[in-house]
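Q: What follows is my_file06.pdb, PDB, C-alpha atoms.
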```pdb
ATOM      1  CA  MET A  29     -18.176 -20.296   5.735
ATOM      2  CA  ARG A  30     -15.347 -22.064   7.503
ATOM      3  CA  LEU A  31     -12.211 -20.043   6.851
ATOM      4  CA  PRO A  32      -9.168 -20.535   9.125
ATOM      5  CA  ALA A  33      -8.016 -17.393  10.886
ATOM      6  CA  PRO A  34      -4.724 -17.129   8.940
ATOM      7  CA  ALA A  35      -6.681 -17.208   5.689
ATOM      8  CA  LEU A  36      -9.042 -14.567   7.067
ATOM      9  CA  ALA A  37      -6.067 -12.330   7.793
ATOM     10  CA  LEU A  38      -4.608 -12.859   4.352
ATOM     11  CA  ALA A  39      -7.954 -12.177   2.735
ATOM     12  CA  LEU A  40      -8.414  -8.928   4.635
ATOM     13  CA  LEU A  41      -4.848  -7.944   3.844
ATOM     14  CA  ALA A  42      -5.614  -8.595   0.190
ATOM     15  CA  ALA A  43      -8.665  -6.349   0.425
ATOM     16  CA  CYS A  44      -6.412  -3.408   1.147
ATOM     17  CA  SER A  45      -3.846  -4.499  -1.441
ATOM     18  CA  ARG A  46      -0.284  -4.591   0.020
ATOM     19  CA  GLY A  47       0.875  -5.640  -3.430
ATOM     20  CA  GLY A  48       3.809  -7.515  -4.889
ATOM     21  CA  GLU A  49       7.191  -6.354  -6.087
ATOM     22  CA  PRO A  50       7.031  -3.840  -8.950
ATOM     23  CA  THR A  51       8.287  -5.067 -12.304
ATOM     24  CA  ARG A  52       7.076  -2.657 -15.012
ATOM     25  CA  LEU A  53       7.364   1.035 -14.365
ATOM     26  CA  GLN A  54       6.697   4.275 -16.207
ATOM     27  CA  ALA A  55       7.764   7.869 -15.787
ATOM     28  CA  ALA A  56       6.072  10.042 -13.187
ATOM     29  CA  PRO A  57       3.110  12.091 -14.438
ATOM     30  CA  ALA A  58       3.610  15.737 -15.272
ATOM     31  CA  ALA A  59       3.065  18.126 -12.369
ATOM     32  CA  ARG A  60      -0.366  19.746 -12.281
ATOM     33  CA  PRO A  61      -1.824  22.451 -10.045
ATOM     34  CA  PRO A  62      -3.914  20.998  -7.225
ATOM     35  CA  ALA A  63      -7.673  21.374  -7.318
ATOM     36  CA  THR A  64      -9.305  23.514  -4.652
ATOM     37  CA  PHE A  65     -10.282  21.311  -1.720
ATOM     38  CA  ASP A  66     -14.024  20.939  -1.080
ATOM     39  CA  TRP A  67     -14.482  21.179   2.676
ATOM     40  CA  ASP A  68     -18.081  20.021   2.339
ATOM     41  CA  HIS A  69     -16.691  16.586   1.381
ATOM     42  CA  PRO A  70     -13.703  15.953   3.691
ATOM     43  CA  ALA A  71     -13.656  12.249   2.783
ATOM     44  CA  ALA A  72     -11.931  13.331  -0.440
ATOM     45  CA  ALA A  73      -8.755  13.846   1.624
ATOM     46  CA  LEU A  74      -8.471  10.066   2.035
ATOM     47  CA  GLU A  75      -8.395   9.715  -1.769
ATOM     48  CA  LEU A  76      -5.431  12.073  -2.235
ATOM     49  CA  GLY A  77      -2.389  10.116  -3.413
ATOM     50  CA  PRO A  78       1.269  11.044  -2.854
ATOM     51  CA  ASP A  79       1.499  13.102  -6.057
ATOM     52  CA  ASP A  80      -1.613  15.040  -5.047
ATOM     53  CA  VAL A  81      -0.277  15.668  -1.544
ATOM     54  CA  ALA A  82       3.124  16.757  -2.900
ATOM     55  CA  ALA A  83       1.352  19.228  -5.186
ATOM     56  CA  ARG A  84      -0.214  20.753  -2.054
ATOM     57  CA  LEU A  85       2.558  20.478   0.546
ATOM     58  CA  GLY A  86       5.733  20.118  -1.528
ATOM     59  CA  SER A  87       8.145  17.314  -0.661
ATOM     60  CA  PHE A  88       7.023  15.292   2.350
ATOM     61  CA  ASP A  89       7.991  12.347   4.555
ATOM     62  CA  TRP A  90       5.110  10.053   5.631
ATOM     63  CA  THR A  91       5.138   7.122   8.057
ATOM     64  CA  SER A  92       2.321   4.772   8.989
ATOM     65  CA  SER A  93       1.544   1.547  10.801
ATOM     66  CA  ILE A  94      -1.350  -0.843  10.303
ATOM     67  CA  GLU A  95      -2.444  -3.539  12.742
ATOM     68  CA  TRP A  96      -4.856  -6.293  11.749
ATOM     69  CA  THR A  97      -6.487  -8.807  14.045
ATOM     70  CA  VAL A  98      -8.711 -11.587  12.716
ATOM     71  CA  GLU A  99     -10.193 -14.070  15.155
ATOM     72  CA  ARG A 100     -12.878 -16.705  15.566
ATOM     73  CA  GLN A 101     -14.676 -17.416  18.799
ATOM     74  CA  GLY A 102     -16.045 -20.764  19.908
ATOM     75  CA  GLU A 103     -14.670 -24.270  20.032
ATOM     76  CA  ASP A 104     -12.263 -23.718  17.142
ATOM     77  CA  ALA A 105     -11.109 -20.327  18.463
ATOM     78  CA  ARG A 106      -8.181 -18.900  16.498
ATOM     79  CA  ARG A 107      -6.483 -15.537  16.256
ATOM     80  CA  VAL A 108      -3.992 -13.920  13.879
ATOM     81  CA  HIS A 109      -2.407 -10.533  14.503
ATOM     82  CA  ALA A 110      -0.527  -8.876  11.620
ATOM     83  CA  VAL A 111       1.485  -5.641  11.715
ATOM     84  CA  GLU A 112       2.682  -3.458   8.851
ATOM     85  CA  HIS A 113       5.083  -0.501   8.850
ATOM     86  CA  HIS A 114       5.386   1.897   5.916
ATOM     87  CA  ARG A 115       7.386   4.958   4.981
ATOM     88  CA  VAL A 116       6.939   7.096   1.867
ATOM     89  CA  ARG A 117       9.400   9.878   1.108
ATOM     90  CA  GLN A 118       7.995  11.869  -1.816
ATOM     91  CA  ALA A 119       9.791  14.711  -3.616
ATOM     92  CA  ALA A 120       7.892  17.574  -5.208
ATOM     93  CA  THR A 121       9.768  16.715  -8.418
ATOM     94  CA  GLY A 122       8.069  13.286  -8.576
ATOM     95  CA  GLU A 123      10.918  11.100  -7.295
ATOM     96  CA  PHE A 124      10.169   8.901  -4.299
ATOM     97  CA  GLU A 125      11.365   6.217  -1.914
ATOM     98  CA  VAL A 126       9.171   3.560  -0.278
ATOM     99  CA  HIS A 127       9.851   1.121   2.585
ATOM    100  CA  ALA A 128       7.293  -1.524   3.564
ATOM    101  CA  GLU A 129       7.570  -4.237   6.224
ATOM    102  CA  LEU A 130       5.001  -6.912   7.086
ATOM    103  CA  ASP A 131       4.862  -9.292  10.031
ATOM    104  CA  PRO A 132       1.869 -11.546   9.237
ATOM    105  CA  GLY A 133       1.858 -13.075  12.698
ATOM    106  CA  LEU A 134       2.688 -16.560  11.440
ATOM    107  CA  GLY A 135       5.825 -17.090  13.491
ATOM    108  CA  PRO A 136       9.599 -16.670  13.073
ATOM    109  CA  GLY A 137      10.810 -16.189   9.531
ATOM    110  CA  SER A 138       7.436 -15.123   8.147
ATOM    111  CA  ASP A 139       8.133 -11.364   8.154
ATOM    112  CA  SER A 140       8.999  -9.708   4.856
ATOM    113  CA  GLY A 141       9.702  -6.319   3.340
ATOM    114  CA  LYS A 142      10.390  -4.412   0.147
ATOM    115  CA  GLU A 143      11.992  -1.124  -0.834
ATOM    116  CA  ILE A 144      11.588   0.902  -4.008
ATOM    117  CA  VAL A 145      13.405   4.032  -5.174
ATOM    118  CA  TRP A 146      12.478   6.061  -8.238
ATOM    119  CA  ALA A 147      15.258   8.597  -8.867
ATOM    120  CA  GLY A 148      17.097  10.045 -11.844
ATOM    121  CA  GLY A 149      14.792   8.324 -14.323
ATOM    122  CA  MET A 150      15.685   4.867 -12.963
ATOM    123  CA  THR A 151      13.871   2.485 -10.642
ATOM    124  CA  TYR A 152      15.761   0.528  -7.996
ATOM    125  CA  ALA A 153      14.179  -2.307  -6.038
ATOM    126  CA  ARG A 154      15.079  -4.873  -3.438
ATOM    127  CA  ALA A 155      13.391  -7.352  -1.163
ATOM    128  CA  ARG A 156      14.282  -7.312   2.505
ATOM    129  CA  TYR A 157      17.966  -8.185   3.086
ATOM    130  CA  ALA A 158      18.570  -8.486  -0.691
ATOM    131  CA  PRO A 159      20.908  -6.167  -2.634
ATOM    132  CA  TRP A 160      19.584  -3.238  -4.607
ATOM    133  CA  ARG A 161      19.084  -3.832  -8.316
ATOM    134  CA  GLU A 162      18.384  -1.518 -11.203
ATOM    135  CA  ARG A 163      15.169  -1.961 -13.168
ATOM    136  CA  PRO A 164      16.040  -0.229 -16.466
ATOM    137  CA  THR A 165      12.884  -1.350 -18.289
ATOM    138  CA  ASP A 166      10.614  -0.016 -15.558
ATOM    139  CA  ARG A 167       8.503   3.019 -16.367
ATOM    140  CA  GLY A 168       7.045   4.078 -13.016
ATOM    141  CA  ARG A 169       3.603   2.444 -13.219
ATOM    142  CA  ASP A 170       4.072  -0.406 -10.765
ATOM    143  CA  ALA A 171       6.479   1.582  -8.611
ATOM    144  CA  ARG A 172       3.737   4.143  -8.079
ATOM    145  CA  ARG A 173       1.246   1.354  -7.395
ATOM    146  CA  PHE A 174       3.520  -0.041  -4.681
ATOM    147  CA  ARG A 175       3.984   3.470  -3.243
ATOM    148  CA  ASP A 176       0.245   4.179  -3.294
ATOM    149  CA  GLU A 177      -0.540   0.897  -1.528
ATOM    150  CA  SER A 178       1.718   2.012   1.317
ATOM    151  CA  PHE A 179       0.389   5.567   1.455
ATOM    152  CA  LEU A 180      -3.336   4.946   0.940
ATOM    153  CA  ALA A 181      -4.029   2.328   3.614
ATOM    154  CA  ALA A 182      -6.574   4.550   5.382
ATOM    155  CA  ARG A 183      -8.386   5.054   2.081
ATOM    156  CA  ASP A 184      -8.597   1.291   1.602
ATOM    157  CA  VAL A 185     -10.084   0.762   5.069
ATOM    158  CA  ALA A 186     -12.537   3.615   4.443
ATOM    159  CA  ARG A 187     -13.620   1.869   1.247
ATOM    160  CA  LEU A 188     -14.289  -1.329   3.217
ATOM    161  CA  LEU A 189     -16.526   0.725   5.517
ATOM    162  CA  GLY A 190     -18.220   2.416   2.555
ATOM    163  CA  PRO A 191     -21.217   4.615   3.433
ATOM    164  CA  ALA A 192     -21.012   3.391   7.041
ATOM    165  CA  LEU A 193     -18.086   5.788   7.649
ATOM    166  CA  ALA A 194     -19.296   9.147   8.969
ATOM    167  CA  LEU A 195     -17.149  12.303   8.966
ATOM    168  CA  ARG A 196     -17.901  15.534  10.823
ATOM    169  CA  PRO A 197     -15.923  18.727  11.575
ATOM    170  CA  ALA A 198     -14.248  18.678  14.982
ATOM    171  CA  GLY A 199     -12.566  22.056  15.338
ATOM    172  CA  ASP A 200      -9.129  23.438  14.569
ATOM    173  CA  GLY A 201      -5.675  22.014  15.206
ATOM    174  CA  GLU A 202      -2.023  22.369  14.272
ATOM    175  CA  ALA A 203       0.724  20.113  12.918
ATOM    176  CA  LEU A 204       4.210  20.858  11.591
ATOM    177  CA  ARG A 205       3.626  24.560  12.351
ATOM    178  CA  ARG A 206       0.671  24.526   9.953
ATOM    179  CA  ARG A 207      -2.937  25.431  10.733
ATOM    180  CA  ALA A 208      -5.159  22.395  10.442
ATOM    181  CA  ARG A 209      -8.780  21.296  10.624
ATOM    182  CA  ARG A 210      -9.908  18.247  12.577
ATOM    183  CA  VAL A 211     -12.430  15.772  11.183
ATOM    184  CA  ALA A 212     -13.908  13.110  13.488
ATOM    185  CA  LEU A 213     -14.490   9.623  12.073
ATOM    186  CA  SER A 214     -17.209   7.315  13.369
ATOM    187  CA  LEU A 215     -19.699   4.645  12.356
ATOM    188  CA  ALA A 216     -22.920   5.955  10.813
ATOM    189  CA  PRO A 217     -25.784   3.980  12.423
ATOM    190  CA  GLY A 218     -28.408   2.305  10.288
ATOM    191  CA  VAL A 219     -26.490   2.529   7.018
ATOM    192  CA  ALA A 220     -26.811  -0.363   4.574
ATOM    193  CA  PRO A 221     -23.535  -2.180   3.806
ATOM    194  CA  ALA A 222     -21.616  -1.228   0.702
ATOM    195  CA  PRO A 223     -22.267  -3.366  -2.384
ATOM    196  CA  ALA A 224     -19.946  -6.328  -2.801
ATOM    197  CA  PRO A 225     -16.973  -5.517  -5.060
ATOM    198  CA  ALA A 226     -17.143  -6.675  -8.652
ATOM    199  CA  HIS A 227     -14.895  -9.648  -9.360
ATOM    200  CA  PRO A 228     -12.880  -9.865 -12.572
ATOM    201  CA  ALA A 229     -14.267 -11.978 -15.377
ATOM    202  CA  GLY A 230     -12.431 -15.164 -16.213
ATOM    203  CA  PRO A 231     -12.261 -18.853 -15.356
ATOM    204  CA  ALA A 232     -14.066 -20.058 -12.248
ATOM    205  CA  PRO A 233     -11.929 -19.410  -9.150
ATOM    206  CA  ASP A 234     -10.482 -22.225  -7.076
ATOM    207  CA  GLU A 235     -12.003 -23.102  -3.695
ATOM    208  CA  ASP A 236      -9.522 -21.019  -1.708
ATOM    209  CA  THR A 237     -10.272 -17.928  -3.814
ATOM    210  CA  LYS A 238     -14.005 -18.535  -3.407
ATOM    211  CA  ARG A 239     -13.640 -18.592   0.382
ATOM    212  CA  ARG A 240     -11.621 -15.380   0.371
ATOM    213  CA  ARG A 241     -14.135 -13.641  -1.861
ATOM    214  CA  ALA A 242     -17.002 -14.830   0.327
ATOM    215  CA  PHE A 243     -15.207 -13.377   3.347
ATOM    216  CA  LEU A 244     -14.652  -9.989   1.695
ATOM    217  CA  ASP A 245     -18.191  -9.881   0.277
ATOM    218  CA  GLY A 246     -19.570 -10.718   3.724
ATOM    219  CA  LEU A 247     -17.770  -8.002   5.703
ATOM    220  CA  ARG A 248     -20.229  -5.948   7.760
ATOM    221  CA  PRO A 249     -18.996  -2.836   9.649
ATOM    222  CA  GLN A 250     -19.648  -2.997  13.392
ATOM    223  CA  GLY A 251     -17.600  -0.057  14.611
ATOM    224  CA  ALA A 252     -15.400   2.808  13.422
ATOM    225  CA  SER A 253     -13.523   5.614  15.139
ATOM    226  CA  GLY A 254     -10.660   7.980  14.482
ATOM    227  CA  GLU A 255      -9.658  11.421  13.324
ATOM    228  CA  LEU A 256      -8.288  13.216  10.290
ATOM    229  CA  LEU A 257      -6.073  16.265  10.692
ATOM    230  CA  LEU A 258      -6.124  18.173   7.402
ATOM    231  CA  ASP A 259      -3.982  21.104   6.310
ATOM    232  CA  ALA A 260      -6.263  24.147   6.557
ATOM    233  CA  ALA A 261      -4.895  25.744   3.388
ATOM    234  CA  THR A 262      -4.966  22.739   1.045
ATOM    235  CA  GLY A 263      -6.938  19.860   2.605
ATOM    236  CA  ALA A 264      -3.903  17.562   2.471
ATOM    237  CA  PRO A 265      -3.872  14.911   5.241
ATOM    238  CA  LEU A 266      -1.289  15.650   7.928
ATOM    239  CA  ARG A 267      -2.372  12.907  10.338
ATOM    240  CA  VAL A 268      -4.889  10.099  10.228
ATOM    241  CA  ARG A 269      -6.105   7.462  12.639
ATOM    242  CA  LEU A 270      -8.845   5.074  11.592
ATOM    243  CA  ALA A 271      -9.924   1.980  13.528
ATOM    244  CA  ALA A 272     -12.647  -0.328  12.252
ATOM    245  CA  THR A 273     -14.315  -3.555  13.364
ATOM    246  CA  PHE A 274     -16.110  -5.989  11.051
ATOM    247  CA  SER A 275     -18.282  -9.037  11.450
ATOM    248  CA  VAL A 276     -18.672 -11.571   8.648
ATOM    249  CA  GLU A 277     -22.091 -12.439   7.278
ATOM    250  CA  GLY A 278     -22.565 -16.208   7.316
ATOM    251  CA  ASP A 279     -19.790 -16.725   9.892
ATOM    252  CA  PRO A 280     -21.003 -15.207  13.193
ATOM    253  CA  ALA A 281     -17.955 -16.448  15.106
ATOM    254  CA  ALA A 282     -15.536 -14.471  12.901
ATOM    255  CA  ARG A 283     -14.450 -10.934  13.704
ATOM    256  CA  ALA A 284     -11.848  -8.642  12.118
ATOM    257  CA  THR A 285     -10.369  -5.373  13.391
ATOM    258  CA  VAL A 286      -7.901  -2.994  11.786
ATOM    259  CA  GLU A 287      -6.259   0.254  12.875
ATOM    260  CA  VAL A 288      -4.295   2.607  10.622
ATOM    261  CA  ILE A 289      -2.154   5.409  12.055
ATOM    262  CA  GLY A 290      -0.183   7.676   9.716
ATOM    263  CA  GLN A 291       1.323  11.140   9.730
ATOM    264  CA  VAL A 292       3.475  13.555   7.785
ATOM    265  CA  LYS A 293       6.788  13.820   9.652
ATOM    266  CA  ALA A 294       8.402  16.607   7.599
ATOM    267  CA  THR A 295       7.757  18.813   4.587
ATOM    268  CA  GLY A 296       9.655  21.012   2.132
ATOM    269  CA  GLY A 297      13.345  21.580   2.761
ATOM    270  CA  GLU A 298      13.282  19.326   5.829
ATOM    271  CA  VAL A 299      12.842  16.300   3.559
ATOM    272  CA  ALA A 300      16.110  14.798   2.308
ATOM    273  CA  ALA A 301      16.548  14.528  -1.448
ATOM    274  CA  ILE A 302      15.812  11.176  -3.070
ATOM    275  CA  ALA A 303      19.071   9.624  -4.304
ATOM    276  CA  PRO A 304      19.828   6.350  -6.090
ATOM    277  CA  PRO A 305      21.065   3.644  -3.693
ATOM    278  CA  LYS A 306      24.810   3.139  -3.638
ATOM    279  CA  ALA A 307      26.368   0.094  -5.315
ATOM    280  CA  ALA A 308      23.118  -1.026  -6.964
ATOM    281  CA  LEU A 309      23.591  -4.153  -9.059
ATOM    282  CA  PRO A 310      22.517  -4.340 -12.709
ATOM    283  CA  ASP A 311      19.211  -5.908 -13.635
ATOM    284  CA  GLU A 312      19.386  -9.704 -13.702
ATOM    285  CA  ARG A 313      16.232 -11.604 -14.571
ATOM    286  CA  LYS A 314      17.928 -15.018 -14.879
ATOM    287  CA  PRO A 315      20.286 -16.564 -12.300
ATOM    288  CA  SER A 316      23.856 -16.347 -13.615
ATOM    289  CA  GLY A 317      24.601 -19.807 -12.221
ATOM    290  CA  VAL A 318      22.162 -21.406 -14.659
ATOM    291  CA  THR A 319      23.649 -19.485 -17.593
ATOM    292  CA  ASN A 320      27.192 -20.470 -16.611
ATOM    293  CA  ALA A 321      26.216 -24.149 -16.339
ATOM    294  CA  LEU A 322      24.622 -24.117 -19.795
ATOM    295  CA  GLU A 323      27.720 -22.464 -21.273
ATOM    296  CA  ALA A 324      30.016 -24.998 -19.617
ATOM    297  CA  ALA A 325      27.938 -27.869 -21.052
ATOM    298  CA  GLY A 326      28.055 -26.362 -24.540
ATOM    299  CA  LEU A 327      24.293 -25.892 -24.588
ATOM    300  CA  LYS A 328      24.523 -22.117 -24.826
ATOM    301  CA  LYS A 329      27.108 -19.991 -26.590
ATOM    302  CA  ARG A 330      28.880 -17.366 -24.548
ATOM    303  CA  GLY A 331      27.432 -13.950 -25.226
ATOM    304  CA  GLU A 332      24.588 -15.504 -27.154
ATOM    305  CA  GLU A 333      22.007 -13.330 -25.470
ATOM    306  CA  LYS A 334      24.175 -10.269 -24.979
ATOM    307  CA  GLY A 335      23.102  -7.310 -27.000
ATOM    308  CA  LYS A 336      19.544  -8.568 -27.269
ATOM    309  CA  ALA A 337      17.490  -5.897 -25.623
ATOM    310  CA  GLU A 338      14.522  -6.898 -23.545
ATOM    311  CA  PRO A 339      11.323  -6.176 -25.510
ATOM    312  CA  GLU A 340       9.719  -2.870 -24.746
ATOM    313  CA  GLU A 341       6.668  -2.963 -22.484
ATOM    314  CA  ASP A 342       3.446  -1.583 -23.893
ATOM    315  CA  GLU A 343       2.288   1.698 -22.439
ATOM    316  CA  PRO A 344      -0.672   1.223 -20.086
TER     317      PRO A 344
END
```
Let me see whether you can do it: turn the structure in this file into structure tokens.

A:
Amino acid sequence: MRLPAPALALALLAACSRGGEPTRLQAAPAARPPATFDWDHPAAALELGPDDVAARLGSFDWTSSIEWTVERQGEDARRVHAVEHHRVRQAATGEFEVHAELDPGLGPGSDSGKEIVWAGGMTYARARYAPWRERPTDRGRDARRFRDESFLAARDVARLLGPALALRPAGDGEALRRRARRVALSLAPGVAPAPAPAHPAGPAPDEDTKRRRAFLDGLRPQGASGELLLDAATGAPLRVRLAATFSVEGDPAARATVEVIGQVKATGGEVAAIAPPKAALPDERKPSGVTNALEAAGLKKRGEEKGKAEPEEDEP
């Protein structure tokens, strides 16, 4: 496989989602009591989403950073270093705010970012440097997906490691004035690689997609280290650090490393309430300049589309 380093980075980024801008949203799920945490299976803490953690800790403020490095040795040596920064502010009532920034390491002007707010039954969204806009037809589904992609980065890396990730108790600790339990993360020697992920059915993929899939299917864990700090009362993650190194089957010169560091910065009453952004603009799916030009040319009657509600989205 001959995949340029930038494409390797993008493929690995795709493996751990980092999704697109939400467009169809649904209301937050009803609150439910948290299940008792099973300390015999601490890996379950990495699967806890923001709603689950809020059910255990109350409102919380989470920040994380992810660094990716993908490189190839040899005559065609190349290297790409990408950095992500995330913040999730989650209210116990289900409202939330998400900030995500990505520098893909491709030079000036390549960095990007998105922000999402779900508050007062309305979703607000904006790309980096763009104004806030309402999304009145959103129902929470994709907003939560975007939030979960920011919050669950360590889970996604753990899934790439599969059974090669070993967890063992490492004593007691403390964070945010809460008793905690430490769990050490490492590479389990001699473990077979996880099965390749199933690909969606459909038309045959293009050549670029084939190369990306071959890269992801060929990932082989070479190293892992880190630590989980879990709330002793509930099992909720308070801090996480997970670093992993992968080789690529069929491309011995390729190597990928990733490190995720995240932590809860505040809980309960120390977390500011989630409020709608000020001066948010109304939803606008079509550029007004195009509409105005059509009206001026007599090709579209003024107000022709006003009053026509956007069709309702189907429930997932």

Q: Which residues come within 9 Å of region 147-154 of chain A, counting all atoms listed in the file, excluding same-chain residues fewer than 5 positions away, as a ChimeraX atom specification?

A: /A:49-50,53,55-56,122-125,141-142,159-168,171,302-305,308

Q: List as a ChimeraX atom specification the protein and nucleic acid residues near Ala181 (chain A), meaning an atom at most 8 Å away when all atoms listed in the file are counted, but skip any in the same chain fewer than 2 places from it.

A: /A:44,94,177-179,183-185,288

Q: Which is closest to Thr121 (chain A) among A:Gly133, A:Gly102, A:Gly86, A:Pro62, if we use all atoms listed in the file?

A: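 Checking each candidate against Thr121 (chain A), we get A:Gly86 as the closest.
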
Q: For the file shown, report as a VMD selection string the outcome of the PyMOL selection byres ((chain A and resi 205-210) around 10) at residue level.

A: chain A and resid 67 70 196 to 204 211 to 213 255 to 268

Q: So how far away is CA of Thr97 (chain A) from CA of Arg115 (chain A), in Å?

A: 21.5 Å

Q: For a quick check of understanding, using all atoms listed in the file, which of A:Ala194, A:Gly135, A:His127, A:Val108 has the smallest distance to Ala71 (chain A)?

A: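 When distances to Ala71 (chain A) are compared using all atoms listed in the file, the smallest one comes from A:Ala194.
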
Q: In Å, rounded to a single decimal, give me how far CA of Asp176 (chain A) is from CA of Ala120 (chain A).

A: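 Spanning CA of Ala120 (chain A) to CA of Asp176 (chain A) is a straight-line distance of 15.5 Å.
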
Q: Of the candidates A:Ala72, A:Gly230, A:Thr64, A:Val299, which one gets nearest to Arg84 (chain A) if we count only C-alpha atoms?

A: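 Residue with the minimum atom-to-atom distance to Arg84 (chain A): A:Thr64.
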
Q: Could you tell me which residues the PyMOL selection byres ((chain A and resi 113) around 10) returns for this structure, as a PyMOL selection string?

A: chain A and resi 91-95+111-112+114-115+127-131+141+178+289-290

Q: Skipping near chain neighbours, those fewer than 4 positions away, what residues fall within 7 Å of Pro132 (chain A) using all atoms listed in the file, listed as a PyMOL selection string?

A: chain A and resi 109-111+138-139

Q: Can you measure CA of Leu134 (chain A) to CA of Tyr157 (chain A) for me? One decimal in Å is fine.

A: 19.3 Å

Q: Starting from the displayed file, determine the output of the PyMOL selection byres ((chain A and resi 249) around 7) and express the residue list as a PyMOL selection string.

A: chain A and resi 189+247-248+250-251+273-275

Q: Ser87 (chain A): which residues within 8 Å, counting only C-alpha atoms, same-chain residues fewer than 4 positions away excluded, as a compact mmCIF listing (two decimals) with C-alpha atoms, in the frame of the given file?

A:
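Now in around.txt:
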```txt
# COMPACT_ATOMS: atom_id res chain seq x y z
CA ALA A 82 3.12 16.76 -2.90
CA ARG A 117 9.40 9.88 1.11
CA GLN A 118 8.00 11.87 -1.82
CA ALA A 119 9.79 14.71 -3.62
CA ALA A 120 7.89 17.57 -5.21
CA THR A 121 9.77 16.72 -8.42
CA THR A 295 7.76 18.81 4.59
CA GLY A 296 9.65 21.01 2.13
CA GLY A 297 13.34 21.58 2.76
CA VAL A 299 12.84 16.30 3.56
```

Q: I'd like the neighbourhood of Ala282 (chain A) as a list in words, where a residue qualifies if any of its atoms comes within 7 Å (using all atoms listed in the file), though same-chain residues fewer than 6 positions away should be ignored.

A: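 Skipping anything fewer than 6 positions along the chain leaves Glu99, Arg100, Gln101, Ser275 and Val276 of chain A.
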
Q: Using all atoms listed in the file, list the residues that have an atom at most 9 Å from (-21.8, 6.5, 14.1), coordinates as in the file, as a PyMOL selection string.

A: chain A and resi 192-194+213-218+251-253

Q: Could you check the closest approach to Leu85 (chain A) for each of A:Ala300, A:Pro191, A:Val219, A:Val292 and tell me which residue wins, using all atoms listed in the file?

A: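 Distance minimum relative to Leu85 (chain A) lands on A:Val292.
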